[in-house]
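Everything below belongs to final_18.tsv, which stores TSV, C-alpha atoms.
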chain	number	residue	atom	x	y	z
A	1	MET	CA	161.17	45.81	-68.14
A	2	LYS	CA	161.19	48.90	-65.91
A	3	LYS	CA	164.94	48.53	-65.28
A	4	ALA	CA	165.57	48.26	-69.01
A	5	TYR	CA	163.83	51.55	-69.72
A	6	ILE	CA	165.67	53.31	-66.87
A	7	LEU	CA	169.00	51.94	-68.14
A	8	LEU	CA	168.20	53.05	-71.69
A	9	ALA	CA	167.52	56.60	-70.53
A	10	ALA	CA	170.70	56.63	-68.44
A	11	LEU	CA	172.83	55.40	-71.34
A	12	PHE	CA	171.29	57.99	-73.63
A	13	ALA	CA	172.11	60.75	-71.14
A	14	GLY	CA	175.59	59.42	-70.55
A	15	GLN	CA	176.44	59.42	-74.25
A	16	ALA	CA	175.69	63.12	-74.50
A	17	LEU	CA	177.47	64.04	-71.25
A	18	GLN	CA	180.62	62.28	-72.39
A	19	ALA	CA	180.76	64.31	-75.59
A	20	GLN	CA	183.70	66.70	-75.93
A	21	LEU	CA	182.59	70.09	-74.62
A	22	LYS	CA	184.02	73.48	-75.35
A	23	PRO	CA	184.09	76.15	-72.60
A	24	ASN	CA	181.04	78.05	-73.91
A	25	ASP	CA	178.95	75.42	-75.64
A	26	HIS	CA	176.92	74.32	-72.61
A	27	GLN	CA	174.62	76.05	-70.16
A	28	ALA	CA	172.13	75.41	-67.36
A	29	SER	CA	168.99	77.39	-66.49
A	30	PHE	CA	165.96	77.21	-64.23
A	31	GLU	CA	162.56	78.90	-64.35
A	32	LEU	CA	159.38	78.08	-62.48
A	33	GLY	CA	157.34	75.85	-64.76
A	34	GLU	CA	160.24	75.22	-67.13
A	35	GLY	CA	162.27	72.97	-64.85
A	36	LEU	CA	166.04	72.64	-64.60
A	37	ASN	CA	167.42	72.64	-68.14
A	38	PHE	CA	170.85	71.59	-69.39
A	39	ASN	CA	172.02	72.36	-72.93
A	40	PHE	CA	175.19	70.86	-74.38
A	41	GLN	CA	177.05	71.42	-77.65
A	42	ASP	CA	175.09	74.54	-78.54
A	43	GLY	CA	171.73	72.86	-77.93
A	44	ASP	CA	172.40	69.62	-79.80
A	45	TYR	CA	171.76	67.75	-76.55
A	46	ARG	CA	169.09	68.98	-74.13
A	47	PHE	CA	167.98	67.55	-70.80
A	48	LYS	CA	165.30	68.67	-68.38
A	49	ILE	CA	164.48	67.78	-64.77
A	50	GLY	CA	161.00	68.84	-63.69
A	51	GLY	CA	157.69	67.86	-62.17
A	52	PHE	CA	154.83	69.28	-60.18
A	53	ILE	CA	152.98	68.93	-56.87
A	54	GLN	CA	149.29	69.37	-56.03
A	55	PRO	CA	148.63	69.76	-52.26
A	56	ASN	CA	144.89	69.23	-51.80
A	57	ILE	CA	142.26	69.74	-49.07
A	58	GLU	CA	138.96	67.99	-49.77
A	59	TRP	CA	135.63	67.69	-47.99
A	60	GLN	CA	133.42	64.73	-48.91
A	61	GLN	CA	129.83	63.94	-48.02
A	62	VAL	CA	128.00	60.76	-48.97
A	63	ASP	CA	124.20	61.21	-49.06
A	64	THR	CA	123.04	62.52	-45.65
A	65	GLU	CA	126.01	61.25	-43.65
A	66	ASP	CA	128.40	63.66	-41.93
A	67	GLY	CA	131.12	65.00	-44.16
A	68	ASN	CA	134.80	64.06	-43.83
A	69	PHE	CA	137.96	66.03	-44.57
A	70	LEU	CA	140.87	64.66	-46.58
A	71	LEU	CA	144.31	66.26	-46.76
A	72	ASN	CA	146.77	64.82	-49.26
A	73	SER	CA	149.01	65.44	-52.22
A	74	LYS	CA	146.78	64.56	-55.14
A	75	ARG	CA	149.76	64.21	-57.45
A	76	THR	CA	153.53	64.38	-56.87
A	77	TYR	CA	155.28	64.14	-60.23
A	78	PHE	CA	158.97	63.93	-61.05
A	79	ASN	CA	160.21	63.70	-64.62
A	80	PHE	CA	163.44	63.56	-66.57
A	81	SER	CA	163.37	64.21	-70.30
A	82	GLY	CA	165.77	65.01	-73.10
A	83	GLN	CA	166.47	65.14	-76.79
A	84	ALA	CA	169.38	64.64	-79.17
A	85	LYS	CA	169.05	66.82	-82.24
A	86	GLU	CA	171.52	65.06	-84.51
A	87	GLU	CA	170.33	61.56	-83.58
A	88	LYS	CA	166.67	62.68	-83.89
A	89	LEU	CA	165.79	61.11	-80.54
A	90	SER	CA	163.86	62.19	-77.46
A	91	PHE	CA	162.81	60.46	-74.23
A	92	LEU	CA	160.72	60.89	-71.09
A	93	PHE	CA	160.86	59.18	-67.72
A	94	GLN	CA	158.09	60.19	-65.28
A	95	LEU	CA	157.00	59.09	-61.81
A	96	ASP	CA	154.10	59.93	-59.49
A	97	PHE	CA	155.13	59.42	-55.87
A	98	SER	CA	151.50	59.72	-54.73
A	99	ARG	CA	150.87	56.26	-56.20
A	100	THR	CA	151.76	52.88	-54.70
A	101	ASN	CA	153.37	51.98	-58.03
A	102	PRO	CA	154.86	55.32	-59.15
A	103	LEU	CA	156.00	54.55	-62.72
A	104	LEU	CA	153.82	56.45	-65.24
A	105	ASP	CA	155.66	57.29	-68.45
A	106	VAL	CA	158.85	55.84	-69.88
A	107	TRP	CA	159.42	56.07	-73.62
A	108	VAL	CA	161.94	56.79	-76.35
A	109	ALA	CA	160.87	58.54	-79.57
A	110	TYR	CA	162.52	58.69	-82.99
A	111	HIS	CA	161.79	61.62	-85.31
A	112	PRO	CA	162.94	60.61	-88.81
A	113	TRP	CA	161.52	63.84	-90.17
A	114	GLN	CA	159.58	66.77	-88.70
A	115	ALA	CA	156.11	65.39	-89.48
A	116	LEU	CA	156.62	61.84	-88.17
A	117	THR	CA	157.25	60.54	-84.66
A	118	ILE	CA	157.75	56.86	-83.76
A	119	THR	CA	157.57	56.14	-80.04
A	120	MET	CA	158.23	52.96	-78.10
A	121	GLY	CA	157.46	52.60	-74.40
A	122	GLN	CA	154.73	53.46	-71.94
A	123	LYS	CA	152.69	56.63	-72.47
A	124	GLN	CA	149.14	57.99	-72.80
A	125	ASN	CA	147.32	55.96	-75.44
A	126	ILE	CA	145.81	57.84	-78.38
A	127	GLY	CA	142.75	55.53	-78.48
A	128	ASN	CA	141.12	57.35	-75.53
A	129	ASN	CA	139.08	60.55	-75.39
A	130	ARG	CA	141.02	63.83	-75.58
A	131	GLU	CA	140.79	64.59	-71.87
A	132	MET	CA	142.77	61.39	-71.22
A	133	LEU	CA	145.52	62.74	-73.51
A	134	ILE	CA	145.91	65.89	-71.40
A	135	MET	CA	148.72	65.77	-68.82
A	136	GLU	CA	147.35	65.93	-65.29
A	137	ASN	CA	148.77	69.39	-64.54
A	138	ASN	CA	146.85	70.87	-67.50
A	139	LEU	CA	143.33	69.76	-66.49
A	140	GLN	CA	140.61	72.38	-65.92
A	141	PHE	CA	139.44	70.52	-62.80
A	142	ALA	CA	141.49	68.69	-60.19
A	143	ASP	CA	140.08	65.35	-61.39
A	144	ARG	CA	139.07	63.96	-64.74
A	145	SER	CA	135.44	63.79	-65.84
A	146	LEU	CA	132.93	61.03	-65.11
A	147	LEU	CA	133.27	59.86	-68.72
A	148	SER	CA	137.05	59.48	-68.41
A	149	GLU	CA	136.85	57.74	-65.04
A	150	SER	CA	134.22	55.31	-66.34
A	151	PHE	CA	136.15	54.07	-69.38
A	152	SER	CA	139.81	54.58	-68.43
A	153	ARG	CA	142.25	54.33	-65.55
A	154	SER	CA	145.55	56.17	-66.04
A	155	GLY	CA	145.20	56.18	-69.84
A	156	ARG	CA	148.76	54.91	-70.18
A	157	GLU	CA	149.82	51.75	-72.00
A	158	LEU	CA	152.96	49.97	-73.14
A	159	GLY	CA	153.60	49.59	-76.86
A	160	LEU	CA	154.47	51.21	-80.17
A	161	PHE	CA	153.00	54.58	-81.26
A	162	LEU	CA	152.98	56.41	-84.60
A	163	ASP	CA	152.19	60.12	-84.96
A	164	LEU	CA	151.96	61.88	-88.35
A	165	LYS	CA	151.22	65.57	-88.96
A	166	LEU	CA	149.88	66.51	-92.39
A	167	GLY	CA	148.86	69.79	-93.96
A	168	THR	CA	149.89	73.36	-93.25
A	169	GLU	CA	149.49	75.79	-90.35
A	170	ASN	CA	146.15	76.86	-91.92
A	171	PHE	CA	144.65	73.36	-92.14
A	172	ARG	CA	146.01	70.35	-90.31
A	173	VAL	CA	145.23	66.63	-90.20
A	174	ILE	CA	146.91	64.44	-87.56
A	175	PRO	CA	146.47	60.65	-87.92
A	176	GLN	CA	147.83	58.43	-85.14
A	177	ALA	CA	148.01	54.69	-84.50
A	178	SER	CA	149.27	52.43	-81.74
A	179	LEU	CA	149.87	48.76	-80.97
A	180	THR	CA	149.93	48.14	-77.21
A	181	SER	CA	149.88	45.24	-74.78
A	182	GLY	CA	146.21	45.76	-73.88
A	183	ASP	CA	147.02	45.40	-70.18
A	184	GLY	CA	147.48	49.07	-69.35
A	185	ILE	CA	150.18	50.55	-67.15
A	186	ASN	CA	153.09	48.32	-66.01
A	187	SER	CA	151.36	45.58	-67.97
A	188	PHE	CA	153.59	42.67	-67.00
A	189	GLY	CA	152.16	42.54	-63.49
A	190	ALA	CA	154.47	41.70	-60.58
A	191	ASP	CA	157.57	41.11	-62.73
A	192	SER	CA	158.66	40.16	-66.24
A	193	ARG	CA	157.78	36.50	-65.61
A	194	ASP	CA	154.12	37.47	-65.24
A	195	VAL	CA	153.34	37.20	-68.95
A	196	ASP	CA	150.98	39.54	-70.77
A	197	LEU	CA	147.35	38.36	-70.75
A	198	GLY	CA	145.11	38.29	-73.80
A	199	GLY	CA	146.19	39.69	-77.15
A	200	PHE	CA	147.26	43.11	-78.42
A	201	LYS	CA	145.24	46.30	-78.30
A	202	TYR	CA	144.88	48.17	-81.61
A	203	SER	CA	144.12	51.89	-81.40
A	204	GLY	CA	143.74	54.79	-83.78
A	205	ARG	CA	142.92	58.49	-83.72
A	206	ILE	CA	142.49	61.22	-86.31
A	207	ASP	CA	142.38	64.90	-85.45
A	208	ILE	CA	141.38	67.68	-87.82
A	209	LEU	CA	142.19	71.37	-87.30
A	210	PRO	CA	139.98	73.10	-89.91
A	211	LEU	CA	140.87	76.63	-88.74
A	212	GLY	CA	144.61	76.11	-88.51
A	213	ASP	CA	147.08	75.45	-85.73
A	214	PHE	CA	146.54	76.61	-82.18
A	215	SER	CA	149.13	78.96	-80.71
A	216	GLU	CA	152.16	77.32	-79.08
A	217	GLY	CA	151.04	75.10	-76.22
A	218	GLY	CA	147.36	75.62	-77.03
A	219	LEU	CA	146.66	71.89	-77.29
A	220	GLU	CA	148.40	70.98	-74.04
A	221	GLY	CA	145.29	71.84	-72.01
A	222	LEU	CA	141.56	72.52	-72.36
A	223	ALA	CA	141.50	76.09	-70.94
A	224	ASP	CA	142.39	78.97	-73.25
A	225	LEU	CA	145.34	80.41	-71.34
A	226	ASN	CA	146.84	81.82	-74.55
A	227	HIS	CA	143.72	83.85	-75.44
A	228	GLU	CA	143.60	82.73	-79.08
A	229	GLU	CA	143.11	85.82	-81.24
A	230	ASP	CA	141.23	83.83	-83.90
A	231	LEU	CA	138.75	81.01	-83.34
A	232	LYS	CA	140.56	77.66	-83.17
A	233	MET	CA	139.02	74.21	-83.32
A	234	ILE	CA	140.12	70.59	-83.23
A	235	ILE	CA	137.78	67.69	-84.04
A	236	GLY	CA	138.84	64.19	-83.05
A	237	LEU	CA	137.70	60.61	-83.56
A	238	ALA	CA	139.39	57.73	-81.72
A	239	GLY	CA	138.83	54.02	-81.20
A	240	SER	CA	140.43	50.84	-79.89
A	241	TYR	CA	140.00	47.08	-80.12
A	242	ASN	CA	141.43	45.03	-77.27
A	243	ASP	CA	141.87	41.42	-78.40
A	244	GLY	CA	141.22	39.66	-75.08
A	245	ALA	CA	140.90	42.15	-72.21
A	246	SER	CA	141.65	41.01	-68.65
A	247	ASP	CA	140.33	44.21	-67.05
A	248	ALA	CA	136.98	46.00	-66.80
A	249	VAL	CA	138.11	48.89	-69.04
A	250	GLY	CA	140.77	47.00	-71.00
A	251	GLU	CA	143.53	48.77	-69.11
A	252	GLY	CA	144.71	46.38	-66.42
A	253	HIS	CA	146.41	43.05	-65.82
A	254	GLY	CA	144.37	40.05	-64.69
A	255	THR	CA	141.69	41.83	-62.68
A	256	LEU	CA	139.07	39.41	-64.04
A	257	VAL	CA	139.01	35.89	-65.46
A	258	LEU	CA	136.53	33.91	-67.59
A	259	TYR	CA	136.79	30.46	-69.20
A	260	ASP	CA	136.14	28.61	-72.46
A	261	GLY	CA	134.41	25.25	-72.97
A	262	ALA	CA	137.59	23.34	-72.11
A	263	GLY	CA	138.03	25.12	-68.77
A	264	ALA	CA	140.95	27.22	-70.04
A	265	VAL	CA	141.16	30.96	-69.44
A	266	GLN	CA	139.34	33.02	-72.08
A	267	TYR	CA	138.98	36.78	-72.31
A	268	PRO	CA	136.30	38.50	-74.44
A	269	ASP	CA	137.31	41.37	-76.71
A	270	TYR	CA	136.70	44.93	-75.54
A	271	ARG	CA	135.97	47.87	-77.88
A	272	GLN	CA	135.83	51.62	-77.34
A	273	TRP	CA	135.33	54.65	-79.54
A	274	PHE	CA	135.24	58.39	-78.82
A	275	ALA	CA	134.41	61.64	-80.60
A	276	ASP	CA	135.54	64.99	-79.19
A	277	LEU	CA	135.53	68.69	-80.04
A	278	LEU	CA	137.60	71.53	-78.54
A	279	MET	CA	137.17	75.21	-79.40
A	280	LYS	CA	139.05	78.24	-78.06
A	281	TYR	CA	138.62	81.96	-78.62
A	282	ARG	CA	139.97	84.88	-76.58
A	283	GLY	CA	139.89	83.13	-73.23
A	284	LEU	CA	136.69	81.18	-73.84
A	285	SER	CA	136.87	77.40	-74.25
A	286	LEU	CA	134.24	74.82	-75.15
A	287	TYR	CA	134.90	71.11	-74.92
A	288	ALA	CA	132.52	68.23	-75.69
A	289	GLU	CA	133.09	64.49	-76.02
A	290	TYR	CA	131.09	61.29	-76.42
A	291	GLY	CA	132.22	57.72	-75.90
A	292	GLN	CA	130.93	54.16	-76.08
A	293	ALA	CA	132.27	50.78	-74.92
A	294	SER	CA	131.13	47.27	-75.83
A	295	ALA	CA	132.33	43.67	-75.67
A	296	THR	CA	132.36	40.92	-78.28
A	297	ASN	CA	133.54	37.33	-78.77
A	298	LEU	CA	131.34	36.09	-75.93
A	299	GLU	CA	130.27	32.76	-77.40
A	300	GLY	CA	131.29	29.71	-75.41
A	301	THR	CA	132.32	31.71	-72.35
A	302	TYR	CA	131.82	30.32	-68.83
A	303	LEU	CA	132.04	31.81	-65.36
A	304	ASN	CA	134.14	28.99	-63.87
A	305	PRO	CA	136.55	26.31	-65.14
A	306	SER	CA	134.06	23.52	-64.43
A	307	ILE	CA	131.96	25.01	-67.31
A	308	GLU	CA	128.77	24.60	-65.28
A	309	ASP	CA	127.69	28.26	-65.51
A	310	PRO	CA	127.64	29.74	-69.02
A	311	LEU	CA	127.95	33.51	-69.34
A	312	LEU	CA	124.54	35.02	-70.08
A	313	ALA	CA	124.31	37.90	-72.55
A	314	THR	CA	123.66	40.63	-69.99
A	315	GLN	CA	126.13	39.24	-67.43
A	316	ILE	CA	129.07	40.57	-69.41
A	317	SER	CA	128.28	44.04	-67.97
A	318	GLU	CA	129.20	42.63	-64.54
A	319	TYR	CA	132.77	42.14	-65.74
A	320	TYR	CA	133.35	45.06	-68.13
A	321	ASN	CA	132.31	48.71	-68.10
A	322	LEU	CA	129.84	48.72	-70.99
A	323	GLY	CA	127.69	51.60	-72.14
A	324	SER	CA	128.05	55.17	-73.31
A	325	GLY	CA	128.77	58.59	-71.89
A	326	PHE	CA	128.98	62.32	-72.55
A	327	ASN	CA	131.07	65.13	-71.09
A	328	GLY	CA	130.78	68.87	-71.73
A	329	GLN	CA	132.95	71.66	-70.29
A	330	LEU	CA	132.68	75.43	-70.67
A	331	GLY	CA	135.36	77.74	-69.33
A	332	TYR	CA	136.70	81.26	-69.40
A	333	VAL	CA	140.07	82.67	-68.32
A	334	SER	CA	140.54	86.43	-68.06
A	335	LYS	CA	143.78	88.11	-69.09
A	336	GLY	CA	144.32	88.85	-65.41
A	337	GLY	CA	144.44	85.13	-64.65
A	338	TYR	CA	140.99	84.47	-63.17
A	339	GLY	CA	139.17	81.40	-64.47
A	340	ILE	CA	135.77	79.80	-64.14
A	341	ASP	CA	134.78	76.36	-65.47
A	342	LEU	CA	131.52	74.43	-65.63
A	343	ARG	CA	131.17	70.72	-66.33
A	344	TYR	CA	128.37	68.24	-66.88
A	345	SER	CA	128.91	64.52	-67.48
A	346	ALA	CA	126.62	61.51	-67.78
A	347	VAL	CA	127.14	57.78	-68.33
A	348	TYR	CA	124.60	55.07	-69.19
A	349	ASN	CA	125.04	51.32	-68.85
A	350	GLU	CA	124.38	49.00	-71.76
A	351	PHE	CA	121.88	46.73	-70.01
A	352	GLU	CA	119.45	48.76	-67.90
A	353	ASN	CA	117.80	45.65	-66.43
A	354	ASN	CA	121.00	44.33	-64.89
A	355	GLN	CA	121.30	45.95	-61.46
A	356	ASN	CA	124.68	44.25	-60.92
A	357	ALA	CA	126.36	46.01	-63.84
A	358	LEU	CA	129.70	47.61	-62.99
A	359	LEU	CA	128.75	50.81	-64.76
A	360	GLY	CA	125.62	52.39	-63.29
A	361	ASN	CA	123.64	55.26	-64.78
A	362	SER	CA	124.93	58.47	-63.22
A	363	ASN	CA	125.29	62.22	-63.69
A	364	ALA	CA	128.03	64.56	-62.49
A	365	TYR	CA	128.11	68.34	-62.13
A	366	GLY	CA	131.17	70.50	-61.48
A	367	LEU	CA	132.09	74.13	-60.84
A	368	ALA	CA	135.69	75.31	-60.55
A	369	LEU	CA	137.21	78.71	-59.81
A	370	SER	CA	140.90	79.17	-60.59
A	371	ARG	CA	143.54	81.80	-60.03
A	372	TYR	CA	146.44	81.52	-62.45
A	373	LEU	CA	149.35	83.29	-60.75
A	374	LYS	CA	151.99	82.28	-63.32
A	375	GLY	CA	150.12	80.73	-66.16
A	376	ASN	CA	149.37	77.12	-65.34
A	377	ASP	CA	152.64	76.76	-63.42
A	378	LEU	CA	151.35	78.33	-60.20
A	379	LYS	CA	147.60	77.92	-59.76
A	380	VAL	CA	145.05	77.89	-56.95
A	381	LEU	CA	141.84	75.97	-57.68
A	382	ALA	CA	138.60	75.72	-55.68
A	383	ALA	CA	135.96	73.30	-56.95
A	384	VAL	CA	132.61	71.75	-56.04
A	385	ASN	CA	131.49	68.46	-57.60
A	386	TYR	CA	128.29	66.46	-57.21
A	387	ARG	CA	127.58	62.97	-58.52
A	388	GLU	CA	124.17	61.36	-58.46
A	389	TYR	CA	122.80	57.94	-59.34
A	390	PRO	CA	119.13	58.38	-60.38
A	391	GLU	CA	118.38	54.67	-60.02
A	392	ALA	CA	119.98	54.55	-56.54
A	393	THR	CA	122.45	51.86	-57.63
A	394	GLN	CA	125.06	53.67	-55.56
A	395	LEU	CA	125.21	56.48	-53.03
A	396	ASN	CA	125.24	60.09	-54.23
A	397	PHE	CA	128.16	62.17	-53.02
A	398	LEU	CA	129.28	65.79	-52.85
A	399	THR	CA	132.87	67.05	-52.73
A	400	ALA	CA	134.43	70.48	-52.22
A	401	GLN	CA	138.16	70.96	-52.60
A	402	LEU	CA	140.95	73.49	-52.54
A	403	MET	CA	144.11	72.64	-54.45
A	404	VAL	CA	147.38	74.44	-55.11
A	405	GLN	CA	149.45	73.47	-58.14
A	406	LEU	CA	153.14	74.23	-58.41
A	407	VAL	CA	155.03	73.18	-61.54
A	408	PHE	CA	158.80	73.31	-61.07

What's the structure tokens form of this structure?
Amino acid sequence: MKKAYILLAALFAGQALQAQLKPNDHQASFELGEGLNFNFQDGDYRFKIGGFIQPNIEWQQVDTEDGNFLLNSKRTYFNFSGQAKEEKLSFLFQLDFSRTNPLLDVWVAYHPWQALTITMGQKQNIGNNREMLIMENNLQFADRSLLSESFSRSGRELGLFLDLKLGTENFRVIPQASLTSGDGINSFGADSRDVDLGGFKYSGRIDILPLGDFSEGGLEGLADLNHEEDLKMIIGLAGSYNDGASDAVGEGHGTLVLYDGAGAVQYPDYRQWFADLLMKYRGLSLYAEYGQASATNLEGTYLNPSIEDPLLATQISEYYNLGSGFNGQLGYVSKGGYGIDLRYSAVYNEFENNQNALLGNSNAYGLALSRYLKGNDLKVLAAVNYREYPEATQLNFLTAQLMVQLVF
């Protein structure tokens, strides 16, 4: 599957490069943050090589134990993208070399008309909260919120995606839908013979922009780097239904297994929904989101193939992350490029009496100071985060970090 996507991208690039070129109808350019760009046939074919790195120094302390230092590259991205104007196609191939399995995004999109995009491949799924739709180099903090970490992994899935933009620049409605494997990133496991587990995952999202479009690039991140002259707002509602999930957050491949009355493998269904709000005005940004996850189709489920131990109602929270959560972020970026961000997140498990639940009640607090030296392309970030578990189901921990981000 991975080789097929790589080959498809290579063939697409090769077709354009083999086109008959005139002496002055192609050009190459590079700018920090914009990548290495190639334009052919007066812009009919465009290709870009880019990525970003995030060197990171982090100090961690768990309860009263001595703190430890960690030095690493939090993310090391490389991407290759392009578009063909006449064929109405675009593609993206992206890797993160900080991961054991680096493949993140690989998709091809068809744009039959300006308002509609049809995408096939692996990408960020629209059924998650908005923060999970933000590319990692555009986050306000170095890491995603407690809400995102509790109900998602990478946020990427393999499948078919539809994106429709309705309305005008003064009032916009954006409905989206997707049909994915339900097994998350690289969902076929070790190789293509490792068949997909469970059924499909059905997701949808609708976004409303009641005050009109944001300025160019305004929806790529949560901070208001563009200093919107007029108040801008986007309200979103998203949800998903995973028909047989083999992972605790419905975004993995065979990380858990349950059985039916005949001793055959059976996976309950996993549901999520989210509501989010983002507002920006002259450097000030406000972001709030709420999410909930639950499981269904539990009847006749057993813990082992001998069907001796039936699954009790509250035991399902020991296999899936069930409950609800909230995340709120407030930030300000000055015109001189200095930023400050505050964050509070909380999650609550569905069954408070089950101390073995995967998702424990917890709160998280964050403070980040940023220096934007060239927009978001060259940034220095210092942050302090604290996570606590009021019921002592896990150990509280404190982190302080310094990260540099360079987008090339």

Legend entry - Option closest in space to Glu388 in chain A, from A:Gly167, A:Pro55, A:Gly366, A:Gly283 [counting only C-alpha atoms]: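 Nearest candidate to Glu388 in chain A out of A:Gly167, A:Pro55, A:Gly366, A:Gly283: A:Gly366.
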
Inset, instruction - Please measure the separation of CA of Pro268 in chain A and CA of Gly244 in chain A, giving the value in Å to one decimal. - result: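 Straight-line distance from CA of Pro268 in chain A to CA of Gly244 in chain A works out to 5.1 Å.
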
Legend entry - Ala248 in chain A environment, 7 Å, all atoms listed in the file, sequence neighbours closer than 6 positions dropped, as a count of residues only: 3

Inset, instruction - Grab the CA of Gly199 in chain A to CA of Thr255 in chain A distance for me, in Å with one decimal place. - result: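 Here the two named atoms are 15.3 Å from each other.
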
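Residues lying within 8 Å of range 134-143 of chain A, counting all atoms listed in the file and ignoring same-chain neighbours fewer than 6 positions away, are A:Phe52, A:Glu220, A:Gly221, A:Leu222, A:Ala223, A:Asp341, A:Ala368, A:Asn376, A:Leu381, A:Ala383, A:Met403, A:Gln405, A:Val407.
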
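Compared by their closest atoms to Arg75 in chain A, and using all atoms listed in the file, the residues A:Gly250, A:Gly291, A:Gly239, A:Gly51 rank with A:Gly51 nearest.
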
As AutoDock Vina command-line options, please report the centre and edge lengths, rounded to one decimal in Å, of the axis-aligned box that holds all listed atoms of range 161-167 of chain A with 5 Å of padding on each of the six sides.
--center_x 150.9 --center_y 62.2 --center_z -87.6 --size_x 14.1 --size_y 25.2 --size_z 22.7

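For the pair CA of Asp213 in chain A and CA of Gln176 in chain A, the interatomic distance is 17.0 Å.
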
Legend entry - Distance query Trp113 in chain A at most 10 Å, all atoms listed in the file, self and fewer than 3 positions along chain excluded, as a PyMOL selection string: chain A and resi 88+110+116-117+164

Legend entry - Residue with smallest distance to Pro305 in chain A - pool A:Leu277, A:Gly328, A:Gly263, A:Val380, counting all atoms listed in the file: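 Residue with the minimum atom-to-atom distance to Pro305 in chain A: A:Gly263.
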
Which residues are near range 121-129 of chain A? Cut-off 7 Å, all atoms listed in the file, ignore same chain within fewer than 4 positions. Put them as a short mmCIF file (atom, residue, chain, number, x, y, z; two decimals) with C-alpha atoms, keeping the file's coordinate frame.
data_model
loop_
_atom_site.label_atom_id
_atom_site.label_comp_id
_atom_site.auth_asym_id
_atom_site.auth_seq_id
_atom_site.Cartn_x
_atom_site.Cartn_y
_atom_site.Cartn_z
CA ASP A 105 155.66 57.29 -68.45
CA VAL A 106 158.85 55.84 -69.88
CA TRP A 107 159.42 56.07 -73.62
CA VAL A 108 161.94 56.79 -76.35
CA LEU A 133 145.52 62.74 -73.51
CA GLY A 155 145.20 56.18 -69.84
CA ARG A 156 148.76 54.91 -70.18
CA GLU A 157 149.82 51.75 -72.00
CA LEU A 158 152.96 49.97 -73.14
CA GLY A 159 153.60 49.59 -76.86
CA LEU A 160 154.47 51.21 -80.17
CA SER A 203 144.12 51.89 -81.40
CA GLY A 204 143.74 54.79 -83.78
CA ARG A 205 142.92 58.49 -83.72
CA ALA A 238 139.39 57.73 -81.72
CA GLY A 239 138.83 54.02 -81.20
CA SER A 240 140.43 50.84 -79.89
CA PHE A 274 135.24 58.39 -78.82
CA ASP A 276 135.54 64.99 -79.19
#

Legend entry - Nearby residues, (162.0, 72.2, -61.6) file frame, 8 Å, all atoms listed in the file, as a PyMOL selection string: chain A and resi 30-36+49-52+407-408

Inset, instruction - Select, from A:Tyr202, A:Tyr259, A:Tyr344, A:Tyr365, the residue with the minimum atom-to-atom distance to Leu303 in chain A, counting only C-alpha atoms. - result: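 The shortest atom-to-atom distance to Leu303 in chain A comes from A:Tyr259.
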
Inset, instruction - For Asp163 in chain A, please output as a VMD selection string all residues within 9 Å (counting only C-alpha atoms; exclusion window: fewer than 3 positions along the same chain). - result: chain A and resid 115 to 119 174 to 178

Legend entry - Residue nearest Arg144 in chain A - candidates A:Arg271, A:Lys379, A:Arg343, A:Lys374, atoms counted: all atoms listed in the file: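 Checking each of A:Arg271, A:Lys379, A:Arg343, A:Lys374 against Arg144 in chain A, counting all atoms listed in the file, the winner is A:Arg343.
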